[in-house]
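Listing of target-v7.cif; format and content: mmCIF, C-alpha atoms.
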```cif
data_coords
#
loop_
_atom_site.group_PDB
_atom_site.id
_atom_site.type_symbol
_atom_site.label_atom_id
_atom_site.label_comp_id
_atom_site.auth_asym_id
_atom_site.auth_seq_id
_atom_site.Cartn_x
_atom_site.Cartn_y
_atom_site.Cartn_z
ATOM 1 C CA MET B 1352 0.000 0.000 0.000
ATOM 2 C CA LYS B 1353 2.748 2.321 1.031
ATOM 3 C CA ARG B 1354 4.674 1.372 -2.088
ATOM 4 C CA THR B 1355 1.718 2.096 -4.345
ATOM 5 C CA PHE B 1356 1.143 5.426 -2.631
ATOM 6 C CA ILE B 1357 4.765 6.479 -3.161
ATOM 7 C CA ARG B 1358 4.633 5.468 -6.817
ATOM 8 C CA CYS B 1359 1.484 7.469 -7.344
ATOM 9 C CA LEU B 1360 3.013 10.421 -5.546
ATOM 10 C CA LEU B 1361 6.122 10.311 -7.741
ATOM 11 C CA PHE B 1362 3.980 10.136 -10.865
ATOM 12 C CA VAL B 1363 1.855 13.094 -9.826
ATOM 13 C CA LEU B 1364 4.862 15.168 -8.770
ATOM 14 C CA THR B 1365 6.757 14.670 -12.019
ATOM 15 C CA LEU B 1366 3.782 14.923 -14.352
ATOM 16 C CA PRO B 1367 3.885 18.749 -14.613
ATOM 17 C CA PHE B 1368 7.440 18.693 -15.969
ATOM 18 C CA TYR B 1369 6.470 16.456 -18.858
ATOM 19 C CA SER B 1370 3.272 18.273 -19.642
ATOM 20 C CA ALA B 1371 5.194 21.582 -19.531
ATOM 21 C CA CYS B 1372 7.398 20.264 -22.295
ATOM 22 C CA SER B 1373 4.536 19.883 -24.722
ATOM 23 C CA GLU B 1374 4.755 22.636 -27.326
ATOM 24 C CA ASP B 1375 2.310 25.482 -27.003
ATOM 25 C CA PRO B 1376 0.232 25.955 -30.132
ATOM 26 C CA MET B 1377 2.480 27.773 -32.612
ATOM 27 C CA PRO B 1378 1.380 31.355 -33.197
ATOM 28 C CA GLU B 1379 0.579 32.381 -36.724
ATOM 29 C CA PRO B 1380 3.955 32.930 -38.463
ATOM 30 C CA PRO B 1381 4.520 36.557 -39.359
ATOM 31 C CA ALA B 1382 4.107 37.722 -42.938
ATOM 32 C CA PRO B 1383 7.161 39.007 -44.814
ATOM 33 C CA MET B 1384 8.155 42.636 -44.326
ATOM 34 C CA VAL B 1385 8.976 44.824 -47.304
ATOM 35 C CA ASN B 1386 10.906 48.070 -46.830
ATOM 36 C CA ASN B 1387 12.905 50.643 -48.777
ATOM 37 C CA ILE B 1388 10.883 50.335 -51.960
ATOM 38 C CA GLU B 1389 12.270 52.446 -54.796
ATOM 39 C CA LEU B 1390 10.291 52.821 -58.000
ATOM 40 C CA GLY B 1391 12.426 54.337 -60.720
ATOM 41 C CA LEU B 1392 15.608 56.327 -60.410
ATOM 42 C CA ARG B 1393 15.788 58.214 -57.121
ATOM 43 C CA ASP B 1394 12.360 56.727 -56.332
ATOM 44 C CA SER B 1395 10.768 59.073 -58.855
ATOM 45 C CA GLY B 1396 7.698 56.871 -59.277
ATOM 46 C CA ILE B 1397 8.075 57.333 -63.030
ATOM 47 C CA ALA B 1398 8.708 54.710 -65.704
ATOM 48 C CA VAL B 1399 9.432 55.549 -69.334
ATOM 49 C CA ILE B 1400 8.143 53.424 -72.182
ATOM 50 C CA GLY B 1401 10.977 51.547 -73.884
ATOM 51 C CA GLN B 1402 13.471 52.499 -71.187
ATOM 52 C CA ASP B 1403 15.166 50.730 -68.291
ATOM 53 C CA PHE B 1404 13.232 50.758 -65.018
ATOM 54 C CA HIS B 1405 14.882 50.548 -61.593
ATOM 55 C CA PHE B 1406 13.198 48.640 -58.749
ATOM 56 C CA ASN B 1407 14.613 48.159 -55.261
ATOM 57 C CA ALA B 1408 13.188 46.693 -52.040
ATOM 58 C CA ASP B 1409 14.408 45.024 -48.866
ATOM 59 C CA VAL B 1410 12.562 41.906 -47.719
ATOM 60 C CA ILE B 1411 12.606 40.112 -44.364
ATOM 61 C CA ALA B 1412 10.747 36.802 -44.472
ATOM 62 C CA GLY B 1413 8.313 35.577 -41.835
ATOM 63 C CA ASP B 1414 9.942 32.181 -42.227
ATOM 64 C CA LYS B 1415 11.671 31.996 -45.619
ATOM 65 C CA ILE B 1416 10.957 33.759 -48.879
ATOM 66 C CA ASP B 1417 9.110 31.816 -51.542
ATOM 67 C CA THR B 1418 8.571 34.241 -54.432
ATOM 68 C CA VAL B 1419 8.708 37.950 -55.144
ATOM 69 C CA GLU B 1420 6.405 39.369 -57.763
ATOM 70 C CA ILE B 1421 5.625 42.797 -59.130
ATOM 71 C CA ILE B 1422 2.467 43.574 -61.046
ATOM 72 C CA ILE B 1423 1.827 46.817 -62.915
ATOM 73 C CA ARG B 1424 -1.911 47.155 -63.442
ATOM 74 C CA GLN B 1425 -4.333 49.840 -64.486
ATOM 75 C CA LYS B 1426 -6.360 51.666 -61.871
ATOM 76 C CA GLY B 1427 -10.128 51.404 -61.988
ATOM 77 C CA ALA B 1428 -10.640 55.157 -61.764
ATOM 78 C CA GLU B 1429 -8.205 56.128 -64.543
ATOM 79 C CA ASN B 1430 -8.740 56.390 -68.288
ATOM 80 C CA TYR B 1431 -6.366 54.680 -70.729
ATOM 81 C CA THR B 1432 -6.170 54.498 -74.508
ATOM 82 C CA ALA B 1433 -5.877 50.684 -74.332
ATOM 83 C CA ASP B 1434 -5.654 47.809 -71.884
ATOM 84 C CA TRP B 1435 -2.146 47.026 -70.734
ATOM 85 C CA SER B 1436 -0.485 45.390 -67.740
ATOM 86 C CA MET B 1437 2.673 43.476 -66.949
ATOM 87 C CA SER B 1438 4.009 41.248 -64.215
ATOM 88 C CA LEU B 1439 7.345 39.721 -63.298
ATOM 89 C CA ILE B 1440 7.927 36.941 -60.799
ATOM 90 C CA TRP B 1441 11.308 36.051 -59.313
ATOM 91 C CA ASP B 1442 12.004 32.756 -57.535
ATOM 92 C CA GLN B 1443 15.750 33.270 -57.127
ATOM 93 C CA TYR B 1444 15.180 34.476 -53.543
ATOM 94 C CA ARG B 1445 13.475 31.220 -52.470
ATOM 95 C CA GLY B 1446 14.769 29.922 -49.139
ATOM 96 C CA LEU B 1447 16.288 33.192 -47.953
ATOM 97 C CA LYS B 1448 15.464 34.759 -44.595
ATOM 98 C CA ASN B 1449 16.171 38.243 -45.910
ATOM 99 C CA THR B 1450 17.405 39.879 -49.060
ATOM 100 C CA ASN B 1451 17.673 43.007 -51.138
ATOM 101 C CA ILE B 1452 15.707 42.975 -54.375
ATOM 102 C CA HIS B 1453 17.467 45.124 -56.942
ATOM 103 C CA LYS B 1454 16.201 44.813 -60.480
ATOM 104 C CA HIS B 1455 16.462 46.659 -63.749
ATOM 105 C CA PHE B 1456 14.071 45.790 -66.534
ATOM 106 C CA ASP B 1457 12.675 47.472 -69.622
ATOM 107 C CA ILE B 1458 9.189 48.925 -69.834
ATOM 108 C CA PRO B 1459 7.891 47.396 -73.095
ATOM 109 C CA GLU B 1460 7.352 49.539 -76.167
ATOM 110 C CA ASP B 1461 3.667 48.590 -76.224
ATOM 111 C CA ALA B 1462 3.031 49.951 -72.721
ATOM 112 C CA VAL B 1463 0.231 52.503 -72.459
ATOM 113 C CA GLU B 1464 0.771 55.876 -70.816
ATOM 114 C CA GLY B 1465 -1.071 56.569 -67.608
ATOM 115 C CA ILE B 1466 -1.172 56.277 -63.822
ATOM 116 C CA TYR B 1467 -0.864 52.683 -62.626
ATOM 117 C CA ASP B 1468 -0.770 50.607 -59.483
ATOM 118 C CA LEU B 1469 2.544 48.828 -58.958
ATOM 119 C CA VAL B 1470 1.922 45.882 -56.655
ATOM 120 C CA VAL B 1471 4.799 44.291 -54.761
ATOM 121 C CA LEU B 1472 3.703 40.783 -53.792
ATOM 122 C CA VAL B 1473 5.973 38.729 -51.529
ATOM 123 C CA LYS B 1474 4.983 35.169 -50.680
ATOM 124 C CA ASP B 1475 6.516 33.353 -47.742
ATOM 125 C CA GLN B 1476 7.119 29.622 -47.481
ATOM 126 C CA ASN B 1477 4.990 29.687 -44.328
ATOM 127 C CA GLY B 1478 1.982 30.764 -46.413
ATOM 128 C CA GLY B 1479 2.130 34.411 -45.403
ATOM 129 C CA ILE B 1480 1.673 37.023 -48.117
ATOM 130 C CA THR B 1481 2.505 40.721 -48.072
ATOM 131 C CA GLU B 1482 1.123 42.995 -50.753
ATOM 132 C CA ILE B 1483 2.121 46.633 -51.062
ATOM 133 C CA VAL B 1484 0.570 48.916 -53.646
ATOM 134 C CA ARG B 1485 2.353 52.039 -54.898
ATOM 135 C CA THR B 1486 1.435 54.472 -57.645
ATOM 136 C CA LEU B 1487 3.551 54.471 -60.801
ATOM 137 C CA SER B 1488 3.354 56.894 -63.703
ATOM 138 C CA ILE B 1489 4.184 55.439 -67.121
ATOM 139 C CA ASP B 1490 5.198 58.119 -69.585
ATOM 140 C CA GLN B 1491 6.698 58.588 -73.030
ATOM 141 C CA ASP B 1492 8.842 61.560 -72.038
ATOM 142 C CA GLU B 1493 12.153 60.400 -70.650
ATOM 143 C CA THR B 1494 13.168 63.945 -69.686
ATOM 144 C CA LEU B 1495 10.824 63.550 -66.713
ATOM 145 C CA ILE B 1496 13.381 61.378 -64.919
ATOM 146 C CA ASN B 1497 16.595 63.116 -65.977
ATOM 147 C CA MET D 90 13.754 1.387 0.124
ATOM 148 C CA MET D 91 12.840 5.032 0.685
ATOM 149 C CA ASN D 92 16.334 6.046 -0.327
ATOM 150 C CA GLN D 93 15.818 4.369 -3.702
ATOM 151 C CA TYR D 94 12.547 6.208 -4.229
ATOM 152 C CA TYR D 95 14.260 9.451 -3.284
ATOM 153 C CA ARG D 96 16.992 8.849 -5.874
ATOM 154 C CA LEU D 97 14.431 7.947 -8.502
ATOM 155 C CA ALA D 98 12.438 11.086 -7.745
ATOM 156 C CA MET D 99 15.558 13.250 -8.046
ATOM 157 C CA LEU D 100 16.476 11.578 -11.328
ATOM 158 C CA LEU D 101 13.025 12.205 -12.746
ATOM 159 C CA LEU D 102 13.131 15.818 -11.607
ATOM 160 C CA VAL D 103 16.491 16.372 -13.315
ATOM 161 C CA VAL D 104 15.226 14.760 -16.508
ATOM 162 C CA GLY D 105 12.127 16.904 -16.305
ATOM 163 C CA PHE D 106 14.081 20.138 -15.943
ATOM 164 C CA THR D 107 16.678 19.407 -18.601
ATOM 165 C CA SER D 108 14.143 18.239 -21.154
ATOM 166 C CA CYS D 109 12.255 21.490 -20.724
ATOM 167 C CA GLN D 110 15.196 23.712 -21.591
ATOM 168 C CA SER D 111 14.467 26.141 -24.422
ATOM 169 C CA LYS D 112 15.862 25.328 -27.833
ATOM 170 C CA GLU D 113 15.900 28.978 -28.847
ATOM 171 C CA ASP D 114 19.669 29.138 -28.534
ATOM 172 C CA GLU D 115 19.900 26.600 -31.356
ATOM 173 C CA ILE D 116 18.043 28.813 -33.808
ATOM 174 C CA ASP D 117 20.173 30.997 -36.035
ATOM 175 C CA THR D 118 18.849 34.538 -35.987
ATOM 176 C CA GLN D 119 21.962 36.377 -37.132
ATOM 177 C CA PRO D 120 23.036 37.184 -40.670
ATOM 178 C CA PRO D 121 26.631 36.457 -41.681
ATOM 179 C CA VAL D 122 29.304 39.158 -41.729
ATOM 180 C CA ILE D 123 31.345 40.423 -44.677
ATOM 181 C CA ASP D 124 34.588 41.988 -43.516
ATOM 182 C CA MET D 125 36.454 44.090 -46.044
ATOM 183 C CA ALA D 126 38.006 46.456 -43.535
ATOM 184 C CA PHE D 127 41.434 44.897 -43.358
ATOM 185 C CA ALA D 128 44.599 45.789 -45.213
ATOM 186 C CA ASP D 129 44.474 43.104 -47.928
ATOM 187 C CA ALA D 130 40.738 43.346 -48.596
ATOM 188 C CA PHE D 131 39.885 44.248 -52.202
ATOM 189 C CA PRO D 132 38.328 46.241 -53.698
ATOM 190 C CA GLN D 133 37.781 49.196 -51.428
ATOM 191 C CA GLN D 134 35.175 51.877 -51.973
ATOM 192 C CA CYS D 135 35.932 54.077 -55.012
ATOM 193 C CA GLU D 136 38.629 51.693 -56.266
ATOM 194 C CA VAL D 137 39.730 52.257 -59.870
ATOM 195 C CA LEU D 138 40.213 49.109 -61.983
ATOM 196 C CA GLN D 139 41.879 49.070 -65.378
ATOM 197 C CA ARG D 140 40.498 47.193 -68.380
ATOM 198 C CA GLY D 141 42.645 44.196 -69.270
ATOM 199 C CA GLU D 142 43.992 43.809 -65.749
ATOM 200 C CA THR D 143 43.379 40.918 -63.342
ATOM 201 C CA TYR D 144 42.683 41.476 -59.670
ATOM 202 C CA SER D 145 41.650 39.357 -56.686
ATOM 203 C CA ILE D 146 38.524 39.997 -54.685
ATOM 204 C CA VAL D 147 39.565 39.459 -51.092
ATOM 205 C CA ALA D 148 37.055 39.399 -48.235
ATOM 206 C CA LEU D 149 36.590 37.611 -44.936
ATOM 207 C CA PHE D 150 33.261 35.888 -44.322
ATOM 208 C CA THR D 151 32.091 34.814 -40.864
ATOM 209 C CA ASP D 152 28.909 33.372 -39.397
ATOM 210 C CA ASN D 153 27.783 32.328 -35.938
ATOM 211 C CA PHE D 154 26.658 28.925 -37.252
ATOM 212 C CA ARG D 155 27.627 27.856 -40.758
ATOM 213 C CA LEU D 156 28.343 29.755 -43.935
ATOM 214 C CA GLY D 157 26.484 28.717 -47.080
ATOM 215 C CA SER D 158 27.333 30.492 -50.319
ATOM 216 C CA TYR D 159 28.283 33.822 -51.791
ATOM 217 C CA SER D 160 27.689 35.585 -55.047
ATOM 218 C CA LEU D 161 29.237 38.415 -56.959
ATOM 219 C CA ASP D 162 27.269 40.971 -58.942
ATOM 220 C CA ILE D 163 28.978 43.667 -60.988
ATOM 221 C CA HIS D 164 26.747 46.016 -62.971
ATOM 222 C CA HIS D 165 27.054 49.483 -64.425
ATOM 223 C CA ASN D 166 25.859 52.594 -62.687
ATOM 224 C CA PHE D 167 25.779 54.816 -65.726
ATOM 225 C CA ASP D 168 22.273 55.933 -64.729
ATOM 226 C CA HIS D 169 23.328 56.865 -61.175
ATOM 227 C CA HIS D 170 20.838 54.515 -59.541
ATOM 228 C CA THR D 171 20.881 53.820 -55.819
ATOM 229 C CA HIS D 172 20.858 50.763 -53.595
ATOM 230 C CA SER D 173 19.457 50.446 -50.089
ATOM 231 C CA THR D 174 22.591 48.501 -49.186
ATOM 232 C CA ASP D 175 25.786 50.240 -48.251
ATOM 233 C CA VAL D 176 27.024 51.503 -51.602
ATOM 234 C CA ILE D 177 28.915 54.741 -51.118
ATOM 235 C CA GLU D 178 28.862 56.958 -54.156
ATOM 236 C CA CYS D 179 32.224 58.312 -55.208
ATOM 237 C CA GLU D 180 33.001 61.129 -57.592
ATOM 238 C CA ARG D 181 30.743 60.134 -60.465
ATOM 239 C CA GLN D 182 31.185 60.437 -64.171
ATOM 240 C CA PRO D 183 28.285 61.913 -66.180
ATOM 241 C CA SER D 184 25.369 59.557 -66.787
ATOM 242 C CA LYS D 185 25.386 57.858 -70.173
ATOM 243 C CA ILE D 186 23.729 55.134 -72.231
ATOM 244 C CA PRO D 187 25.499 51.758 -71.892
ATOM 245 C CA VAL D 188 26.916 50.221 -75.077
ATOM 246 C CA ASN D 189 28.824 47.185 -73.812
ATOM 247 C CA PRO D 190 28.589 47.340 -70.022
ATOM 248 C CA TRP D 191 30.485 44.864 -67.852
ATOM 249 C CA LEU D 192 28.063 42.480 -66.182
ATOM 250 C CA ILE D 193 28.927 39.655 -63.829
ATOM 251 C CA ILE D 194 26.424 37.622 -61.823
ATOM 252 C CA GLU D 195 27.970 34.445 -60.454
ATOM 253 C CA GLY D 196 27.477 32.284 -57.395
ATOM 254 C CA HIS D 197 29.948 30.211 -55.389
ATOM 255 C CA GLU D 198 29.464 27.584 -52.712
ATOM 256 C CA ILE D 199 31.510 27.756 -49.524
ATOM 257 C CA PRO D 200 32.974 24.438 -48.295
ATOM 258 C CA SER D 201 30.511 22.950 -45.814
ATOM 259 C CA GLY D 202 30.825 23.421 -42.089
ATOM 260 C CA GLN D 203 32.781 26.684 -42.269
ATOM 261 C CA ARG D 204 32.253 29.539 -39.841
ATOM 262 C CA HIS D 205 35.169 31.572 -41.171
ATOM 263 C CA TYR D 206 36.178 31.732 -44.792
ATOM 264 C CA GLN D 207 38.533 34.081 -46.573
ATOM 265 C CA VAL D 208 37.725 34.385 -50.230
ATOM 266 C CA SER D 209 40.328 35.269 -52.824
ATOM 267 C CA LEU D 210 38.588 35.270 -56.164
ATOM 268 C CA PRO D 211 40.366 36.214 -59.400
ATOM 269 C CA LEU D 212 38.658 39.004 -61.301
ATOM 270 C CA SER D 213 39.704 39.904 -64.846
ATOM 271 C CA VAL D 214 38.363 43.108 -66.340
ATOM 272 C CA PRO D 215 37.615 42.567 -70.042
ATOM 273 C CA THR D 216 39.374 44.875 -72.444
ATOM 274 C CA ASP D 217 36.246 45.804 -74.400
ATOM 275 C CA VAL D 218 33.714 46.780 -71.726
ATOM 276 C CA ASP D 219 32.426 50.299 -71.218
ATOM 277 C CA THR D 220 34.481 52.451 -68.903
ATOM 278 C CA GLY D 221 32.681 54.313 -66.154
ATOM 279 C CA ASP D 222 30.990 53.847 -62.791
ATOM 280 C CA TYR D 223 30.032 50.386 -61.606
ATOM 281 C CA HIS D 224 28.596 48.717 -58.519
ATOM 282 C CA LEU D 225 30.227 45.567 -57.152
ATOM 283 C CA MET D 226 27.876 43.698 -54.840
ATOM 284 C CA VAL D 227 29.039 40.830 -52.628
ATOM 285 C CA LYS D 228 26.136 38.737 -51.309
ATOM 286 C CA LEU D 229 26.858 36.285 -48.511
ATOM 287 C CA THR D 230 24.260 33.747 -47.357
ATOM 288 C CA ASP D 231 24.477 31.393 -44.388
ATOM 289 C CA LYS D 232 22.997 27.903 -44.222
ATOM 290 C CA GLU D 233 19.849 29.193 -42.520
ATOM 291 C CA GLY D 234 19.179 31.642 -45.340
ATOM 292 C CA TRP D 235 20.266 34.904 -43.728
ATOM 293 C CA GLN D 236 21.906 37.142 -46.264
ATOM 294 C CA THR D 237 24.266 40.106 -45.995
ATOM 295 C CA ILE D 238 25.026 42.336 -48.944
ATOM 296 C CA LYS D 239 27.986 44.653 -49.260
ATOM 297 C CA GLY D 240 27.938 47.153 -52.071
ATOM 298 C CA ILE D 241 31.072 48.844 -53.357
ATOM 299 C CA SER D 242 31.369 51.587 -55.941
ATOM 300 C CA ILE D 243 34.193 51.045 -58.402
ATOM 301 C CA SER D 244 35.305 52.770 -61.553
ATOM 302 C CA ILE D 245 36.559 51.100 -64.731
ATOM 303 C CA ARG D 246 39.114 53.033 -66.738
#
```
Would you put the structure from the file into structure tokens?
Amino acid sequence: MKRTFIRCLLFVLTLPFYSACSEDPMPEPPAPMVNNIELGLRDSGIAVIGQDFHFNADVIAGDKIDTVEIIIRQKGAENYTADWSMSLIWDQYRGLKNTNIHKHFDIPEDAVEGIYDLVVLVKDQNGGITEIVRTLSIDQDETLIN
Amino acid sequence: MMNQYYRLAMLLLVVGFTSCQSKEDEIDTQPPVIDMAFADAFPQQCEVLQRGETYSIVALFTDNFRLGSYSLDIHHNFDHHTHSTDVIECERQPSKIPVNPWLIIEGHEIPSGQRHYQVSLPLSVPTDVDTGDYHLMVKLTDKEGWQTIKGISISIR
């Protein structure tokens, strides 16, 4: 009887230590953070049709980066002479905890002048998504950025 | 008999405490370090490189856990663009349209298990590339995926 009592006592006394080791439910992993966005030279917010466009951003993943995408799309409240949009997706940053995105790419010759939304879309391997929308002016006149 | 139970209880308590220790100290939360602040490091900010010459990029990489890989990116800065990394702009030549700009984007693995690694990478400047202002970016990534970027302004003559 005494033996059984002591065994039970030992079990009860040590139980909290084992239960304390069980993992608490994991909180929702944070979404990626995107900072220092630069659209165009000196962050002018201007892109010129047929010319090189400069894009820069710093990313810190919630867990690890999956993809980085930019989408240039027309705004609902603006008038355009034709439909036009473009998107670029980069997977070269996959698996990184943080990085600097620094890209130069051409604005196609068939782009349509106007005021656009430039969407920066960063997807994390943990499922988190961060979307930042900035305004971008697409123009024909390259003197605007010089 | 009681003494045995006492020992057993103590053993269980020790196991309980040690198995509950946090594993946070095993998680890598620090990016690696690029050191180019020593005498033999190359290139330094505002370094002038000559076309047709061969140099060695020399830098010291360190990490608190394990280094992974590094990459080198050399691109023109004829448009005077900026980086959010630590590129320091030197006395700049006038902006111009590139004709045959020098472009290098190449990656290199670091031997596994290293926490310190000194790189000495040959770098030959082609004879036919555009002269002018360039950015040389060294990107160092550790095994966990933390990345550090060091940007250096150079000039090709």
_I'd like to know which of D:Tyr206, D:His170, D:Ile245, D:Pro211 is closest to Phe1406 of chain B, using only C-alpha atoms._
D:His170
*asked:* I need the output of the PyMOL selection byres ((chain B and resi 1488) around 12) for this file as a PyMOL selection string; which residues are they?
replied: chain B and resi 1390-1391+1394-1400+1404+1423-1426+1429+1458+1462-1469+1485-1487+1489-1493+1495-1496
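As for atom CA of Glu1482 of chain B and atom CA of Glu1389 of chain B, they are spaced 15.2 Å apart.
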_Counting only C-alpha atoms, which residues have an atom no more than 7 Å from (29.6, 50.1, -73.5) in the file's coordinates? Please list them as number ranges by chain._
D: 187-190, 218-219
*From D:Asp117, D:Asp222, D:Asp217, D:Asp124, residue lying nearest chain B [only C-alpha atoms]*: D:Asp117
_Since I can't run it myself right now, could you work out what the PyMOL selection byres ((chain D and resi 203) around 12) selects here and report it as an MDAnalysis selection string?_
chainID D and resid 121 149:158 198:202 204:207 231:232
*Name all residues at most 6 Å from segment 137-144 of chain D (count only C-alpha atoms; drop same-chain ones fewer than 3 positions away) and give them as a PyMOL selection string.*
chain D and resi 211-216+243-246
Go ahead and write the residues just picked, C-alpha atoms, as a JSON list (two decimals), keeping the file's coordinate frame.
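Listed below is the output, again-v9.json:
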```json
[["chain", "number", "residue", "atom", "x", "y", "z"],
["D", 211, "PRO", "CA", 40.37, 36.21, -59.40],
["D", 212, "LEU", "CA", 38.66, 39.00, -61.30],
["D", 213, "SER", "CA", 39.70, 39.90, -64.85],
["D", 214, "VAL", "CA", 38.36, 43.11, -66.34],
["D", 215, "PRO", "CA", 37.62, 42.57, -70.04],
["D", 216, "THR", "CA", 39.37, 44.88, -72.44],
["D", 243, "ILE", "CA", 34.19, 51.04, -58.40],
["D", 244, "SER", "CA", 35.30, 52.77, -61.55],
["D", 245, "ILE", "CA", 36.56, 51.10, -64.73],
["D", 246, "ARG", "CA", 39.11, 53.03, -66.74]]
```
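For the set B:Asp1403, B:Asp1461, B:Glu1420, B:Asp1409, the residue with the smallest atom-to-atom gap to Ile1480 of chain B is B:Glu1420, counting all atoms listed in the file.
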*B:Pro1459, B:Ala1408, B:Ala1428, B:Val1470 ranked by distance to chain D, top pick (using all atoms listed in the file)*: B:Ala1408
*Evaluate the PyMOL selection byres ((chain D and resi 133) around 12) and record the selected residues as a PyMOL selection string, following the chain and residue labels used in the document.*
chain D and resi 124-132+134-138+145-148+176-177+179+224-226+239-244
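Atom to atom, atom CA of Val1473 of chain B and atom CA of His1405 of chain B stand 17.9 Å apart.
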*Would you kindly return, as a VMD selection string, each protein, DNA or RNA residue with an atom no farther than 7 Å from any atom of Asp1414 of chain B, considering only C-alpha atoms and excluding same-chain residues fewer than 3 positions away?*
chain B and resid 1448 1475 to 1477
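Between Glu1460 of chain B and the residues B:Gly1427, B:Gly1479, B:Pro1380, B:Gly1401, the shortest atom-to-atom distance, using all atoms listed in the file, involves B:Gly1401.
We find atom CA of Thr1450 of chain B and atom CA of Asn1387 of chain B to be spaced 11.7 Å apart.
Distance annotation: of D:Tyr223, D:Phe167, D:Trp235, D:Trp191, the residue with the minimal separation from chain B is D:Trp235; atom set is all atoms listed in the file.
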Go ahead and fit an axis-aligned box to every listed atom of segment 115-128 of chain D plus 3 Å each side, and pass me the centre and edge lengths in Å, one decimal, as JSON.
```
{"center_x": 31.3, "center_y": 36.5, "center_z": -38.7, "size_x": 32.6, "size_y": 25.9, "size_z": 20.7}
```
